[in-house]
>>> print(open('run_38.cif').read())   # mmCIF, N, CA and C atoms
data_structure
loop_
_atom_site.group_PDB
_atom_site.id
_atom_site.type_symbol
_atom_site.label_atom_id
_atom_site.label_comp_id
_atom_site.auth_asym_id
_atom_site.auth_seq_id
_atom_site.Cartn_x
_atom_site.Cartn_y
_atom_site.Cartn_z
ATOM 1 N N MET A 605 -15.120 -4.091 -3.906
ATOM 2 C CA MET A 605 -15.544 -5.233 -3.126
ATOM 3 C C MET A 605 -16.602 -4.800 -2.133
ATOM 4 N N SER A 606 -17.584 -5.608 -1.987
ATOM 5 C CA SER A 606 -18.648 -5.318 -1.042
ATOM 6 C C SER A 606 -18.223 -5.715 0.359
ATOM 7 N N ALA A 607 -18.434 -4.814 1.318
ATOM 8 C CA ALA A 607 -18.084 -5.109 2.705
ATOM 9 C C ALA A 607 -18.921 -6.261 3.248
ATOM 10 N N GLU A 608 -20.061 -6.526 2.611
ATOM 11 C CA GLU A 608 -20.942 -7.598 3.074
ATOM 12 C C GLU A 608 -20.376 -8.972 2.767
ATOM 13 N N THR A 609 -19.659 -9.125 1.669
ATOM 14 C CA THR A 609 -19.171 -10.436 1.281
ATOM 15 C C THR A 609 -17.657 -10.569 1.389
ATOM 16 N N GLU A 610 -16.936 -9.467 1.502
ATOM 17 C CA GLU A 610 -15.489 -9.563 1.513
ATOM 18 C C GLU A 610 -14.987 -10.300 2.756
ATOM 19 N N ILE A 611 -13.823 -10.902 2.589
ATOM 20 C CA ILE A 611 -13.174 -11.622 3.668
ATOM 21 C C ILE A 611 -11.836 -10.949 3.919
ATOM 22 N N LEU A 612 -11.587 -10.610 5.172
ATOM 23 C CA LEU A 612 -10.305 -10.040 5.578
ATOM 24 C C LEU A 612 -9.591 -11.087 6.423
ATOM 25 N N LEU A 613 -8.316 -11.326 6.113
ATOM 26 C CA LEU A 613 -7.555 -12.354 6.813
ATOM 27 C C LEU A 613 -6.193 -11.836 7.239
ATOM 28 N N CYS A 614 -5.702 -12.393 8.334
ATOM 29 C CA CYS A 614 -4.325 -12.188 8.760
ATOM 30 C C CYS A 614 -3.626 -13.537 8.683
ATOM 31 N N CYS A 615 -2.421 -13.535 8.182
ATOM 32 C CA CYS A 615 -1.633 -14.755 8.071
ATOM 33 C C CYS A 615 -0.288 -14.529 8.759
ATOM 34 N N LEU A 616 0.033 -15.396 9.706
ATOM 35 C CA LEU A 616 1.318 -15.379 10.385
ATOM 36 C C LEU A 616 2.117 -16.569 9.874
ATOM 37 N N LEU A 617 3.371 -16.331 9.511
ATOM 38 C CA LEU A 617 4.208 -17.378 8.921
ATOM 39 C C LEU A 617 5.539 -17.488 9.652
ATOM 40 N N TRP A 618 5.898 -18.713 9.991
ATOM 41 C CA TRP A 618 7.179 -19.003 10.609
ATOM 42 C C TRP A 618 7.999 -19.847 9.651
ATOM 43 N N ALA A 619 9.249 -19.463 9.431
ATOM 44 C CA ALA A 619 10.141 -20.198 8.530
ATOM 45 C C ALA A 619 10.853 -21.316 9.286
ATOM 46 N N HIS A 620 11.208 -22.353 8.541
ATOM 47 C CA HIS A 620 12.131 -23.337 9.096
ATOM 48 C C HIS A 620 13.469 -22.629 9.314
ATOM 49 N N GLU A 621 14.241 -23.120 10.239
ATOM 50 C CA GLU A 621 15.542 -22.537 10.564
ATOM 51 C C GLU A 621 16.356 -22.260 9.296
ATOM 52 N N GLY A 622 16.799 -21.005 9.165
ATOM 53 C CA GLY A 622 17.631 -20.622 8.036
ATOM 54 C C GLY A 622 16.903 -20.400 6.726
ATOM 55 N N CYS A 623 15.562 -20.448 6.739
ATOM 56 C CA CYS A 623 14.793 -20.338 5.491
ATOM 57 C C CYS A 623 13.978 -19.046 5.386
ATOM 58 N N GLY A 624 14.327 -18.022 6.170
ATOM 59 C CA GLY A 624 13.562 -16.774 6.142
ATOM 60 C C GLY A 624 13.500 -16.140 4.760
ATOM 61 N N ALA A 625 14.631 -16.063 4.083
ATOM 62 C CA ALA A 625 14.668 -15.464 2.741
ATOM 63 C C ALA A 625 13.893 -16.326 1.746
ATOM 64 N N SER A 626 13.997 -17.642 1.895
ATOM 65 C CA SER A 626 13.265 -18.552 1.003
ATOM 66 C C SER A 626 11.762 -18.462 1.233
ATOM 67 N N LEU A 627 11.349 -18.271 2.487
ATOM 68 C CA LEU A 627 9.931 -18.079 2.786
ATOM 69 C C LEU A 627 9.419 -16.848 2.046
ATOM 70 N N SER A 628 10.149 -15.746 2.140
ATOM 71 C CA SER A 628 9.723 -14.514 1.467
ATOM 72 C C SER A 628 9.669 -14.693 -0.042
ATOM 73 N N ALA A 629 10.646 -15.401 -0.602
ATOM 74 C CA ALA A 629 10.658 -15.642 -2.048
ATOM 75 C C ALA A 629 9.468 -16.487 -2.468
ATOM 76 N N TYR A 630 9.170 -17.529 -1.697
ATOM 77 C CA TYR A 630 8.001 -18.368 -1.986
ATOM 78 C C TYR A 630 6.732 -17.513 -1.944
ATOM 79 N N GLU A 631 6.588 -16.718 -0.903
ATOM 80 C CA GLU A 631 5.397 -15.884 -0.757
ATOM 81 C C GLU A 631 5.291 -14.853 -1.878
ATOM 82 N N ASP A 632 6.396 -14.292 -2.315
ATOM 83 C CA ASP A 632 6.370 -13.362 -3.449
ATOM 84 C C ASP A 632 5.670 -14.009 -4.643
ATOM 85 N N GLY A 633 6.013 -15.260 -4.895
ATOM 86 C CA GLY A 633 5.444 -15.969 -6.042
ATOM 87 C C GLY A 633 3.970 -16.279 -5.899
ATOM 88 N N VAL A 634 3.577 -16.847 -4.764
ATOM 89 C CA VAL A 634 2.167 -17.245 -4.629
ATOM 90 C C VAL A 634 1.252 -16.043 -4.407
ATOM 91 N N LEU A 635 1.750 -15.011 -3.751
ATOM 92 C CA LEU A 635 0.904 -13.828 -3.543
ATOM 93 C C LEU A 635 0.664 -13.077 -4.853
ATOM 94 N N ALA A 636 1.534 -13.246 -5.816
ATOM 95 C CA ALA A 636 1.332 -12.627 -7.135
ATOM 96 C C ALA A 636 0.083 -13.185 -7.823
ATOM 97 N N LEU A 637 -0.386 -14.345 -7.392
ATOM 98 C CA LEU A 637 -1.571 -14.980 -7.985
ATOM 99 C C LEU A 637 -2.887 -14.461 -7.397
ATOM 100 N N LEU A 638 -2.820 -13.756 -6.284
ATOM 101 C CA LEU A 638 -4.033 -13.317 -5.584
ATOM 102 C C LEU A 638 -5.005 -12.524 -6.454
ATOM 103 N N THR A 639 -4.486 -11.567 -7.192
ATOM 104 C CA THR A 639 -5.374 -10.679 -7.947
ATOM 105 C C THR A 639 -6.188 -11.422 -9.002
ATOM 106 N N GLU A 640 -5.648 -12.544 -9.489
ATOM 107 C CA GLU A 640 -6.377 -13.349 -10.472
ATOM 108 C C GLU A 640 -7.603 -14.030 -9.855
ATOM 109 N N HIS A 641 -7.674 -14.006 -8.523
ATOM 110 C CA HIS A 641 -8.746 -14.710 -7.818
ATOM 111 C C HIS A 641 -9.557 -13.773 -6.930
ATOM 112 N N GLY A 642 -9.578 -12.494 -7.254
ATOM 113 C CA GLY A 642 -10.385 -11.550 -6.492
ATOM 114 C C GLY A 642 -9.821 -11.234 -5.126
ATOM 115 N N GLY A 643 -8.504 -11.354 -4.981
ATOM 116 C CA GLY A 643 -7.862 -11.045 -3.709
ATOM 117 C C GLY A 643 -6.823 -9.964 -3.866
ATOM 118 N N GLU A 644 -6.393 -9.432 -2.742
ATOM 119 C CA GLU A 644 -5.311 -8.459 -2.735
ATOM 120 C C GLU A 644 -4.556 -8.549 -1.419
ATOM 121 N N VAL A 645 -3.278 -8.238 -1.478
ATOM 122 C CA VAL A 645 -2.483 -8.115 -0.264
ATOM 123 C C VAL A 645 -2.679 -6.687 0.232
ATOM 124 N N VAL A 646 -3.246 -6.544 1.412
ATOM 125 C CA VAL A 646 -3.458 -5.221 1.992
ATOM 126 C C VAL A 646 -2.144 -4.690 2.552
ATOM 127 N N ASP A 647 -1.411 -5.566 3.226
ATOM 128 C CA ASP A 647 -0.112 -5.190 3.765
ATOM 129 C C ASP A 647 0.665 -6.450 4.088
ATOM 130 N N ARG A 648 1.961 -6.284 4.180
ATOM 131 C CA ARG A 648 2.852 -7.416 4.426
ATOM 132 C C ARG A 648 4.051 -6.880 5.201
ATOM 133 N N ALA A 649 4.446 -7.590 6.256
ATOM 134 C CA ALA A 649 5.567 -7.140 7.079
ATOM 135 C C ALA A 649 6.471 -8.322 7.409
ATOM 136 N N LYS A 650 7.732 -8.011 7.609
ATOM 137 C CA LYS A 650 8.739 -9.017 7.902
ATOM 138 C C LYS A 650 9.333 -8.707 9.273
ATOM 139 N N SER A 651 9.639 -9.771 10.057
ATOM 140 C CA SER A 651 10.348 -9.576 11.314
ATOM 141 C C SER A 651 11.598 -10.445 11.309
ATOM 142 N N ASP A 652 12.341 -10.392 12.391
ATOM 143 C CA ASP A 652 13.553 -11.215 12.466
ATOM 144 C C ASP A 652 13.243 -12.644 12.896
ATOM 145 N N GLY A 653 12.007 -12.918 13.279
ATOM 146 C CA GLY A 653 11.617 -14.267 13.664
ATOM 147 C C GLY A 653 12.161 -14.726 15.004
ATOM 148 N N LYS A 654 12.797 -13.860 15.725
ATOM 149 C CA LYS A 654 13.393 -14.224 17.015
ATOM 150 C C LYS A 654 12.329 -14.327 18.104
ATOM 151 N N ASP A 655 12.680 -15.069 19.150
ATOM 152 C CA ASP A 655 11.832 -15.211 20.342
ATOM 153 C C ASP A 655 10.446 -15.741 20.017
ATOM 154 N N GLY A 656 10.338 -16.579 18.999
ATOM 155 C CA GLY A 656 9.059 -17.189 18.665
ATOM 156 C C GLY A 656 8.125 -16.339 17.822
ATOM 157 N N HIS A 657 8.584 -15.146 17.438
ATOM 158 C CA HIS A 657 7.754 -14.284 16.602
ATOM 159 C C HIS A 657 7.700 -14.831 15.177
ATOM 160 N N PRO A 658 6.594 -14.577 14.464
ATOM 161 C CA PRO A 658 6.539 -15.018 13.064
ATOM 162 C C PRO A 658 7.566 -14.259 12.228
ATOM 163 N N ASP A 659 8.012 -14.921 11.162
ATOM 164 C CA ASP A 659 8.951 -14.287 10.243
ATOM 165 C C ASP A 659 8.253 -13.293 9.319
ATOM 166 N N GLU A 660 6.979 -13.549 9.049
ATOM 167 C CA GLU A 660 6.223 -12.665 8.157
ATOM 168 C C GLU A 660 4.773 -12.585 8.618
ATOM 169 N N VAL A 661 4.183 -11.397 8.452
ATOM 170 C CA VAL A 661 2.777 -11.153 8.764
ATOM 171 C C VAL A 661 2.151 -10.549 7.515
ATOM 172 N N GLN A 662 1.001 -11.097 7.122
ATOM 173 C CA GLN A 662 0.332 -10.628 5.904
ATOM 174 C C GLN A 662 -1.139 -10.361 6.203
ATOM 175 N N PHE A 663 -1.677 -9.353 5.544
ATOM 176 C CA PHE A 663 -3.110 -9.061 5.603
ATOM 177 C C PHE A 663 -3.661 -9.148 4.189
ATOM 178 N N TYR A 664 -4.746 -9.901 4.027
ATOM 179 C CA TYR A 664 -5.378 -10.091 2.720
ATOM 180 C C TYR A 664 -6.820 -9.623 2.752
ATOM 181 N N ARG A 665 -7.308 -9.303 1.558
ATOM 182 C CA ARG A 665 -8.716 -8.996 1.339
ATOM 183 C C ARG A 665 -9.154 -9.821 0.129
ATOM 184 N N PHE A 666 -10.259 -10.567 0.305
ATOM 185 C CA PHE A 666 -10.846 -11.335 -0.800
ATOM 186 C C PHE A 666 -12.266 -10.846 -1.033
ATOM 187 N N ALA A 667 -12.666 -10.816 -2.292
ATOM 188 C CA ALA A 667 -13.985 -10.306 -2.668
ATOM 189 C C ALA A 667 -15.114 -11.159 -2.104
ATOM 190 N N SER A 668 -14.869 -12.445 -1.880
ATOM 191 C CA SER A 668 -15.931 -13.361 -1.436
ATOM 192 C C SER A 668 -15.296 -14.665 -0.962
ATOM 193 N N PRO A 669 -16.088 -15.488 -0.302
ATOM 194 C CA PRO A 669 -15.584 -16.829 0.050
ATOM 195 C C PRO A 669 -15.173 -17.629 -1.185
ATOM 196 N N ASP A 670 -15.903 -17.475 -2.275
ATOM 197 C CA ASP A 670 -15.555 -18.179 -3.511
ATOM 198 C C ASP A 670 -14.192 -17.730 -4.044
ATOM 199 N N ALA A 671 -13.890 -16.446 -3.908
ATOM 200 C CA ALA A 671 -12.592 -15.932 -4.354
ATOM 201 C C ALA A 671 -11.465 -16.560 -3.529
ATOM 202 N N LEU A 672 -11.669 -16.656 -2.221
ATOM 203 C CA LEU A 672 -10.674 -17.288 -1.361
ATOM 204 C C LEU A 672 -10.491 -18.756 -1.744
ATOM 205 N N ASP A 673 -11.590 -19.465 -1.929
ATOM 206 C CA ASP A 673 -11.504 -20.875 -2.326
ATOM 207 C C ASP A 673 -10.776 -21.036 -3.654
ATOM 208 N N SER A 674 -11.053 -20.140 -4.585
ATOM 209 C CA SER A 674 -10.399 -20.185 -5.886
ATOM 210 C C SER A 674 -8.885 -20.030 -5.739
ATOM 211 N N TYR A 675 -8.461 -19.103 -4.903
ATOM 212 C CA TYR A 675 -7.025 -18.906 -4.672
ATOM 213 C C TYR A 675 -6.405 -20.124 -3.986
ATOM 214 N N LEU A 676 -7.065 -20.640 -2.961
ATOM 215 C CA LEU A 676 -6.519 -21.782 -2.232
ATOM 216 C C LEU A 676 -6.397 -23.020 -3.115
ATOM 217 N N ASN A 677 -7.259 -23.127 -4.117
ATOM 218 C CA ASN A 677 -7.235 -24.270 -5.024
ATOM 219 C C ASN A 677 -6.488 -23.992 -6.337
ATOM 220 N N GLU A 678 -5.839 -22.855 -6.427
ATOM 221 C CA GLU A 678 -5.080 -22.477 -7.621
ATOM 222 C C GLU A 678 -4.024 -23.549 -7.919
ATOM 223 N N PRO A 679 -4.069 -24.165 -9.105
ATOM 224 C CA PRO A 679 -3.110 -25.229 -9.440
ATOM 225 C C PRO A 679 -1.645 -24.793 -9.361
ATOM 226 N N ARG A 680 -1.334 -23.574 -9.801
ATOM 227 C CA ARG A 680 0.067 -23.120 -9.744
ATOM 228 C C ARG A 680 0.539 -22.978 -8.303
ATOM 229 N N ARG A 681 -0.368 -22.609 -7.416
ATOM 230 C CA ARG A 681 -0.039 -22.525 -5.991
ATOM 231 C C ARG A 681 0.154 -23.925 -5.420
ATOM 232 N N GLN A 682 -0.734 -24.831 -5.755
ATOM 233 C CA GLN A 682 -0.660 -26.195 -5.234
ATOM 234 C C GLN A 682 0.581 -26.933 -5.746
ATOM 235 N N GLN A 683 1.023 -26.604 -6.952
ATOM 236 C CA GLN A 683 2.223 -27.237 -7.508
ATOM 237 C C GLN A 683 3.486 -26.885 -6.717
ATOM 238 N N GLN A 684 3.412 -25.853 -5.913
ATOM 239 C CA GLN A 684 4.561 -25.427 -5.122
ATOM 240 C C GLN A 684 4.494 -25.927 -3.675
ATOM 241 N N ALA A 685 3.647 -26.920 -3.407
ATOM 242 C CA ALA A 685 3.457 -27.433 -2.044
ATOM 243 C C ALA A 685 4.765 -27.951 -1.440
ATOM 244 N N ALA A 686 5.590 -28.612 -2.224
ATOM 245 C CA ALA A 686 6.854 -29.140 -1.698
ATOM 246 C C ALA A 686 7.772 -28.002 -1.248
ATOM 247 N N GLU A 687 7.826 -26.932 -2.024
ATOM 248 C CA GLU A 687 8.645 -25.782 -1.639
ATOM 249 C C GLU A 687 8.081 -25.125 -0.390
ATOM 250 N N ARG A 688 6.769 -25.023 -0.340
ATOM 251 C CA ARG A 688 6.136 -24.457 0.852
ATOM 252 C C ARG A 688 6.514 -25.264 2.088
ATOM 253 N N ASP A 689 6.395 -26.573 2.004
ATOM 254 C CA ASP A 689 6.724 -27.435 3.138
ATOM 255 C C ASP A 689 8.205 -27.341 3.508
ATOM 256 N N ARG A 690 9.054 -27.104 2.521
ATOM 257 C CA ARG A 690 10.489 -26.996 2.777
ATOM 258 C C ARG A 690 10.840 -25.737 3.561
ATOM 259 N N VAL A 691 10.141 -24.611 3.274
ATOM 260 C CA VAL A 691 10.536 -23.330 3.859
ATOM 261 C C VAL A 691 9.649 -22.850 4.998
ATOM 262 N N ILE A 692 8.410 -23.301 5.058
ATOM 263 C CA ILE A 692 7.471 -22.802 6.070
ATOM 264 C C ILE A 692 7.233 -23.875 7.130
ATOM 265 N N ALA A 693 7.559 -23.517 8.376
ATOM 266 C CA ALA A 693 7.390 -24.441 9.498
ATOM 267 C C ALA A 693 5.982 -24.377 10.071
ATOM 268 N N ARG A 694 5.390 -23.198 10.049
ATOM 269 C CA ARG A 694 4.086 -23.006 10.708
ATOM 270 C C ARG A 694 3.349 -21.838 10.072
ATOM 271 N N THR A 695 2.031 -21.975 9.985
ATOM 272 C CA THR A 695 1.160 -20.920 9.456
ATOM 273 C C THR A 695 -0.048 -20.793 10.360
ATOM 274 N N GLU A 696 -0.431 -19.575 10.660
ATOM 275 C CA GLU A 696 -1.701 -19.304 11.329
ATOM 276 C C GLU A 696 -2.466 -18.325 10.452
ATOM 277 N N LEU A 697 -3.687 -18.691 10.088
ATOM 278 C CA LEU A 697 -4.544 -17.870 9.232
ATOM 279 C C LEU A 697 -5.869 -17.689 9.950
ATOM 280 N N PHE A 698 -6.303 -16.436 10.090
ATOM 281 C CA PHE A 698 -7.552 -16.181 10.815
ATOM 282 C C PHE A 698 -8.218 -14.911 10.299
ATOM 283 N N PRO A 699 -9.560 -14.870 10.416
ATOM 284 C CA PRO A 699 -10.298 -13.688 9.960
ATOM 285 C C PRO A 699 -10.082 -12.511 10.904
ATOM 286 N N ILE A 700 -10.117 -11.333 10.332
ATOM 287 C CA ILE A 700 -9.922 -10.096 11.092
ATOM 288 C C ILE A 700 -10.920 -9.041 10.610
ATOM 289 N N SER A 701 -10.943 -7.931 11.306
ATOM 290 C CA SER A 701 -11.573 -6.703 10.822
ATOM 291 C C SER A 701 -10.637 -5.568 11.172
ATOM 292 N N PHE A 702 -10.561 -4.594 10.302
ATOM 293 C CA PHE A 702 -9.668 -3.472 10.526
ATOM 294 C C PHE A 702 -10.360 -2.420 11.376
ATOM 295 N N LEU A 703 -9.577 -1.795 12.232
ATOM 296 C CA LEU A 703 -10.070 -0.699 13.067
ATOM 297 C C LEU A 703 -9.747 0.624 12.381
ATOM 298 N N PRO A 704 -10.518 1.642 12.655
ATOM 299 C CA PRO A 704 -10.186 2.957 12.086
ATOM 300 C C PRO A 704 -8.841 3.452 12.603
ATOM 301 N N ALA A 705 -8.098 4.128 11.755
ATOM 302 C CA ALA A 705 -6.839 4.728 12.191
ATOM 303 C C ALA A 705 -7.129 5.838 13.189
ATOM 304 N N VAL A 706 -6.281 5.951 14.162
ATOM 305 C CA VAL A 706 -6.491 6.952 15.216
ATOM 306 C C VAL A 706 -5.832 8.251 14.842
#
>>> encode(input="run_38.cif", output="structure tokens")
Amino acid sequence: MSAETEILLCCLLWAHEGCGASLSAYEDGVLALLTEHGGEVVDRAKSDGKDGHPDEVQFYRFASPDALDSYLNEPRRQQQAAERDRVIARTELFPISFLPAV
């Protein structure tokens, strides 16, 4: 992937009460589609979701804006919108850049 066109994103996800495991299961399924659209999961972490913290944090890399659009419009992903709404209370998605490791 070219650093000039690639998109790096962070996604914070909060589950509806009692749906932490279901959120992770949903994400397992939709994130499996990323590679078909020029994307990859760079890293993924889970928390206990307590004190307002997100239940899951994900970092993605997409080859281009078109690759991201392709993933967001993926029919198999869109077909799971009801499940997403059932398990995910809140999502924050924003662009990032990685810092060198110290």
>>> closest_residue(input="run_38.cif", among="A:Arg680, A:Ala686, A:Val691, A:Arg665", to="Cys614 (chain A)", atoms="all atoms listed in the file")
A:Arg665
>>> resolve_selection(input="run_38.cif", expression="the PyMOL selection byres (((chain A and resi 617-626 and name CA) around 8) and name CA)", output="list in words")
Cys615, Leu616, Leu627, Ser628, Ala629, Tyr630, Gly653, His657, Pro658, Asp659, Glu660, Val661, Arg690, Val691, Ile692, Ala693, Arg694, Thr695 and Glu696 of chain A
>>> residues_around(input="run_38.cif", residues="Ala667 (chain A)", least_positions_apart="3", cutoff="7 Å", atoms="all atoms listed in the file", output="list in words")
Met605, Ser606, Thr609, Glu610, Ile611, His641, Gly642, Gly643, Glu644, Asp670, Ala671 and Leu672 of chain A
>>> select_by_dssp(input="run_38.cif", residues="chain A", states="strand (DSSP E)", output="PyMOL selection string")
chain A and resi 611-619+643-650+660-666+692-699
>>> atom_distance(input="run_38.cif", atom1="CA of Ser701 (chain A)", atom2="CA of Ser651 (chain A)")
22.1 Å
>>> residues_near_point(input="run_38.cif", point="(-7.7, -8.5, 14.5)", cutoff="12 Å", atoms="only C-alpha atoms", output="CSV table (one decimal) with N, CA and C atoms, keeping the file's coordinate frame")
chain,number,residue,atom,x,y,z
A,612,LEU,N,-11.6,-10.6,5.2
A,612,LEU,CA,-10.3,-10.0,5.6
A,612,LEU,C,-9.6,-11.1,6.4
A,613,LEU,N,-8.3,-11.3,6.1
A,613,LEU,CA,-7.6,-12.4,6.8
A,613,LEU,C,-6.2,-11.8,7.2
A,614,CYS,N,-5.7,-12.4,8.3
A,614,CYS,CA,-4.3,-12.2,8.8
A,614,CYS,C,-3.6,-13.5,8.7
A,615,CYS,N,-2.4,-13.5,8.2
A,615,CYS,CA,-1.6,-14.8,8.1
A,615,CYS,C,-0.3,-14.5,8.8
A,662,GLN,N,1.0,-11.1,7.1
A,662,GLN,CA,0.3,-10.6,5.9
A,662,GLN,C,-1.1,-10.4,6.2
A,663,PHE,N,-1.7,-9.4,5.5
A,663,PHE,CA,-3.1,-9.1,5.6
A,663,PHE,C,-3.7,-9.1,4.2
A,697,LEU,N,-3.7,-18.7,10.1
A,697,LEU,CA,-4.5,-17.9,9.2
A,697,LEU,C,-5.9,-17.7,10.0
A,698,PHE,N,-6.3,-16.4,10.1
A,698,PHE,CA,-7.6,-16.2,10.8
A,698,PHE,C,-8.2,-14.9,10.3
A,699,PRO,N,-9.6,-14.9,10.4
A,699,PRO,CA,-10.3,-13.7,10.0
A,699,PRO,C,-10.1,-12.5,10.9
A,700,ILE,N,-10.1,-11.3,10.3
A,700,ILE,CA,-9.9,-10.1,11.1
A,700,ILE,C,-10.9,-9.0,10.6
A,701,SER,N,-10.9,-7.9,11.3
A,701,SER,CA,-11.6,-6.7,10.8
A,701,SER,C,-10.6,-5.6,11.2
A,702,PHE,N,-10.6,-4.6,10.3
A,702,PHE,CA,-9.7,-3.5,10.5
A,702,PHE,C,-10.4,-2.4,11.4
A,703,LEU,N,-9.6,-1.8,12.2
A,703,LEU,CA,-10.1,-0.7,13.1
A,703,LEU,C,-9.7,0.6,12.4
A,704,PRO,N,-10.5,1.6,12.7
A,704,PRO,CA,-10.2,3.0,12.1
A,704,PRO,C,-8.8,3.5,12.6
>>> atom_distance(input="run_38.cif", atom1="CA of Tyr675 (chain A)", atom2="CA of Leu638 (chain A)")
6.4 Å
>>> atom_distance(input="run_38.cif", atom1="CA of Val706 (chain A)", atom2="atom N of Asp652 (chain A)")
25.8 Å
>>> closest_residue(input="run_38.cif", among="A:Glu687, A:Asp673, A:Glu678, A:Asp655", to="Ala636 (chain A)", atoms="only C-alpha atoms")
A:Glu678
>>> build_atoms(input="run_38.cif", residues="region 624-638 of chain A", atoms="N, CA, C and O atoms", output="CSV table (one decimal), keeping the file's coordinate frame")
chain,number,residue,atom,x,y,z
A,624,GLY,N,14.3,-18.0,6.2
A,624,GLY,CA,13.6,-16.8,6.1
A,624,GLY,C,13.5,-16.1,4.8
A,624,GLY,O,12.4,-15.7,4.3
A,625,ALA,N,14.6,-16.1,4.1
A,625,ALA,CA,14.7,-15.5,2.7
A,625,ALA,C,13.9,-16.3,1.7
A,625,ALA,O,13.2,-15.8,0.9
A,626,SER,N,14.0,-17.6,1.9
A,626,SER,CA,13.3,-18.6,1.0
A,626,SER,C,11.8,-18.5,1.2
A,626,SER,O,11.0,-18.6,0.3
A,627,LEU,N,11.3,-18.3,2.5
A,627,LEU,CA,9.9,-18.1,2.8
A,627,LEU,C,9.4,-16.8,2.0
A,627,LEU,O,8.4,-16.9,1.4
A,628,SER,N,10.1,-15.7,2.1
A,628,SER,CA,9.7,-14.5,1.5
A,628,SER,C,9.7,-14.7,0.0
A,628,SER,O,8.7,-14.2,-0.7
A,629,ALA,N,10.6,-15.4,-0.6
A,629,ALA,CA,10.7,-15.6,-2.0
A,629,ALA,C,9.5,-16.5,-2.5
A,629,ALA,O,8.8,-16.2,-3.5
A,630,TYR,N,9.2,-17.5,-1.7
A,630,TYR,CA,8.0,-18.4,-2.0
A,630,TYR,C,6.7,-17.5,-1.9
A,630,TYR,O,5.9,-17.6,-2.8
A,631,GLU,N,6.6,-16.7,-0.9
A,631,GLU,CA,5.4,-15.9,-0.8
A,631,GLU,C,5.3,-14.9,-1.9
A,631,GLU,O,4.2,-14.6,-2.4
A,632,ASP,N,6.4,-14.3,-2.3
A,632,ASP,CA,6.4,-13.4,-3.4
A,632,ASP,C,5.7,-14.0,-4.6
A,632,ASP,O,4.8,-13.4,-5.3
A,633,GLY,N,6.0,-15.3,-4.9
A,633,GLY,CA,5.4,-16.0,-6.0
A,633,GLY,C,4.0,-16.3,-5.9
A,633,GLY,O,3.2,-16.0,-6.8
A,634,VAL,N,3.6,-16.8,-4.8
A,634,VAL,CA,2.2,-17.2,-4.6
A,634,VAL,C,1.3,-16.0,-4.4
A,634,VAL,O,0.1,-16.0,-4.9
A,635,LEU,N,1.8,-15.0,-3.8
A,635,LEU,CA,0.9,-13.8,-3.5
A,635,LEU,C,0.7,-13.1,-4.9
A,635,LEU,O,-0.3,-12.4,-5.0
A,636,ALA,N,1.5,-13.2,-5.8
A,636,ALA,CA,1.3,-12.6,-7.1
A,636,ALA,C,0.1,-13.2,-7.8
A,636,ALA,O,-0.5,-12.5,-8.7
A,637,LEU,N,-0.4,-14.3,-7.4
A,637,LEU,CA,-1.6,-15.0,-8.0
A,637,LEU,C,-2.9,-14.5,-7.4
A,637,LEU,O,-4.0,-14.7,-8.0
A,638,LEU,N,-2.8,-13.8,-6.3
A,638,LEU,CA,-4.0,-13.3,-5.6
A,638,LEU,C,-5.0,-12.5,-6.5
A,638,LEU,O,-6.2,-12.8,-6.4
